[in-house]
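Here's the structure we're looking at; comments come further down.
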Amino acid sequence: MIHIGLAAALVAVPPIDQGAVRDAALTAGFQEAYVGAAGPIARAIHAAYDIPASVTVAQSILESNWGRSKLAVNELNHFGFKCVRPASPGPIALRCARYPSTECVPAPCHAVDAYFRVYASIDDSFRDYGRLLTTSSNYAAALPVRDDPDAFIRVVARKYATDPEYANKVIRLMNLYDLRRFDVP
């Protein structure tokens with residue numbers, strides 16, 4: 001039996017080049033494919049509801065994991081919208097579907113079964129997003145700053161998510177993928 005000393009077994013690992021990792025991910029295709037599909041829909045939502053398209057695309061990326069989450073794939077729900085009640089999907093969704101989820105209110109975070117909205121199309125999911133952000137009193141304070149995508153998401157995030165870094169994550173996505181290009185007419 002041959003024994004190799006620990007020092008011989010250790011291999012020097014170079015530091016990870018985050019820029020190269022990001023560039024490799026971009027060339028993998030699914031990110032740009034998702035942005036290419038979501039961008040025009042977000043522009044249509046902007047035209048109908050006057051919500052920054054850059055924010056719409058970034059939130060859909062974050063909420064649907066680039067359209068790859070079970071909820072996005074199976075139910076075409078790209079924003080994680082829940083049903084008010086199991087039999088009450090709202091005015092645009094078709095029905096509600098039960099999925100395991102995590103809730104952090106009340107603390108501590110705990111597993112629950114929740115009912116999420118099911119849509120006929122990705123367009124309907126985006127349309128429901130526009131409708132909700134412009135009709136819910138939860139987001140009324142964001143409407144006066146909708147010409148500033150960063151300010152808009154900072155106000156929306158206060159009620160939209162419990163993650164204190166949510167707005168920063170959305171803004172990072174807007175910056176990294178140049179999503180403000182969708183705000184230009």
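Order determines the names: the first chain of the structure tokens is A, the second B, and so forth; residues in each chain are numbered 1 upward, and ligands are numbered 1 upward as they are shown.
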**Message:** Among chain A, which ones does DSSP assign to strand (DSSP E or B) (computed from the backbone)? Answer as a PyMOL selection string.
**Reply:** chain A and resi 82+85+88+95-103+110-118
**Request:** Could you tell me, as number ranges by chain, which residues of chain A DSSP assigns to helix (DSSP H, G or I) when given the backbone?
**Result:** A: 6-9, 18-28, 30-49, 53-64, 70-75, 122-135, 137-145, 149-160, 166-176, 179-183
**Nearby residues (only C-alpha atoms) at most 10 Å from range 163-179 of chain A, same-chain spacing under 6 positions excluded, as an NGL selection string** = :A and (22 or 26 or 31-32 or 35 or 39 or 52-63 or 104 or 149-157)
**All residues 9 Å or closer to Thr102 in chain A, only C-alpha atoms, same chain fewer than 6 positions away omitted, as a list in words** = Cys109, His110, Ala111, Val112, Asp113 and Ala114 of chain A
Selected residues, N, CA and C atoms, written as an mmCIF file, in the first residue's frame, please.
data_model
loop_
_atom_site.group_PDB
_atom_site.id
_atom_site.type_symbol
_atom_site.label_atom_id
_atom_site.label_comp_id
_atom_site.auth_asym_id
_atom_site.auth_seq_id
_atom_site.Cartn_x
_atom_site.Cartn_y
_atom_site.Cartn_z
ATOM 1 N N CYS A 109 -38.890 31.320 10.706
ATOM 2 C CA CYS A 109 -39.313 30.819 9.395
ATOM 3 C C CYS A 109 -39.736 29.365 9.529
ATOM 4 N N HIS A 110 -40.788 29.009 8.792
ATOM 5 C CA HIS A 110 -41.341 27.665 8.900
ATOM 6 C C HIS A 110 -41.955 27.230 7.570
ATOM 7 N N ALA A 111 -42.003 25.927 7.382
ATOM 8 C CA ALA A 111 -42.568 25.367 6.154
ATOM 9 C C ALA A 111 -44.093 25.410 6.223
ATOM 10 N N VAL A 112 -44.702 25.734 5.102
ATOM 11 C CA VAL A 112 -46.164 25.756 4.986
ATOM 12 C C VAL A 112 -46.542 25.283 3.576
ATOM 13 N N ASP A 113 -47.783 24.914 3.415
ATOM 14 C CA ASP A 113 -48.340 24.711 2.082
ATOM 15 C C ASP A 113 -49.077 25.991 1.745
ATOM 16 N N ALA A 114 -48.822 26.519 0.576
ATOM 17 C CA ALA A 114 -49.465 27.761 0.147
ATOM 18 C C ALA A 114 -50.086 27.538 -1.222
#
**Asked** CA of Asp183 in chain A and CA of Val73 in chain A are how many Å apart?
**Response**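 One can read the CA of Asp183 in chain A to CA of Val73 in chain A distance as 26.4 Å.
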**Message:** I'd like the neighbourhood of Ala93 in chain A as a PyMOL selection string, where a residue qualifies if any of its atoms comes within 9 Å (using only C-alpha atoms), though same-chain residues fewer than 6 positions away should be ignored.
**Reply:** chain A and resi 83+117-120+124-125+128
**Prompt:** Do you know which residues are at most 8 Å from Ile45 in chain A counting only C-alpha atoms, after dropping those on the same chain fewer than 6 positions away, and could you put them as a list in words?
**Reply:**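 After dropping sequence-adjacent residues, the list is Ile51, Ala53, Phe126, Arg127 and Gly130 of chain A.
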**Prompt:** So which residues touch Val84 in chain A within 9 Å, counting only C-alpha atoms, skipping near sequence neighbours fewer than 4 positions away, as a PyMOL selection string?
**Reply:** chain A and resi 88-90+115-116
Please produce a file of the residues just selected, as a PDB file, in the first residue's frame, where the atoms kept are all heavy atoms.
ATOM      1  N   SER A  88     -59.624  31.326  -4.717  1.00  0.00           N
ATOM      2  CA  SER A  88     -59.728  32.712  -5.173  1.00  0.00           C
ATOM      3  C   SER A  88     -58.439  33.152  -5.873  1.00  0.00           C
ATOM      4  O   SER A  88     -57.576  33.782  -5.260  1.00  0.00           O
ATOM      5  CB  SER A  88     -60.019  33.606  -3.966  1.00  0.00           C
ATOM      6  OG  SER A  88     -60.164  34.932  -4.367  1.00  0.00           O
ATOM      7  N   PRO A  89     -58.302  32.842  -7.182  1.00  0.00           N
ATOM      8  CA  PRO A  89     -57.058  33.167  -7.887  1.00  0.00           C
ATOM      9  C   PRO A  89     -56.917  34.618  -8.315  1.00  0.00           C
ATOM     10  O   PRO A  89     -55.852  35.015  -8.762  1.00  0.00           O
ATOM     11  CB  PRO A  89     -57.119  32.260  -9.117  1.00  0.00           C
ATOM     12  CG  PRO A  89     -58.575  32.097  -9.373  1.00  0.00           C
ATOM     13  CD  PRO A  89     -59.232  32.101  -8.018  1.00  0.00           C
ATOM     14  N   GLY A  90     -57.973  35.408  -8.203  1.00  0.00           N
ATOM     15  CA  GLY A  90     -57.907  36.792  -8.655  1.00  0.00           C
ATOM     16  C   GLY A  90     -58.494  36.931 -10.049  1.00  0.00           C
ATOM     17  O   GLY A  90     -58.928  35.949 -10.649  1.00  0.00           O
ATOM     18  N   TYR A 115     -51.056  28.384  -1.542  1.00  0.00           N
ATOM     19  CA  TYR A 115     -51.724  28.304  -2.837  1.00  0.00           C
ATOM     20  C   TYR A 115     -51.246  29.453  -3.712  1.00  0.00           C
ATOM     21  O   TYR A 115     -51.322  30.609  -3.316  1.00  0.00           O
ATOM     22  CB  TYR A 115     -53.239  28.338  -2.645  1.00  0.00           C
ATOM     23  CG  TYR A 115     -53.740  27.042  -2.059  1.00  0.00           C
ATOM     24  CD1 TYR A 115     -53.742  26.845  -0.681  1.00  0.00           C
ATOM     25  CD2 TYR A 115     -54.152  26.006  -2.880  1.00  0.00           C
ATOM     26  CE1 TYR A 115     -54.170  25.649  -0.140  1.00  0.00           C
ATOM     27  CE2 TYR A 115     -54.580  24.799  -2.343  1.00  0.00           C
ATOM     28  CZ  TYR A 115     -54.584  24.628  -0.982  1.00  0.00           C
ATOM     29  OH  TYR A 115     -54.991  23.439  -0.444  1.00  0.00           O
ATOM     30  N   PHE A 116     -50.750  29.095  -4.884  1.00  0.00           N
ATOM     31  CA  PHE A 116     -50.189  30.057  -5.816  1.00  0.00           C
ATOM     32  C   PHE A 116     -51.051  30.155  -7.068  1.00  0.00           C
ATOM     33  O   PHE A 116     -51.696  29.191  -7.476  1.00  0.00           O
ATOM     34  CB  PHE A 116     -48.757  29.653  -6.196  1.00  0.00           C
ATOM     35  CG  PHE A 116     -47.787  29.788  -5.067  1.00  0.00           C
ATOM     36  CD1 PHE A 116     -47.610  28.766  -4.148  1.00  0.00           C
ATOM     37  CD2 PHE A 116     -47.047  30.952  -4.916  1.00  0.00           C
ATOM     38  CE1 PHE A 116     -46.717  28.898  -3.096  1.00  0.00           C
ATOM     39  CE2 PHE A 116     -46.146  31.097  -3.869  1.00  0.00           C
ATOM     40  CZ  PHE A 116     -45.981  30.069  -2.955  1.00  0.00           C
TER      41      PHE A 116
END
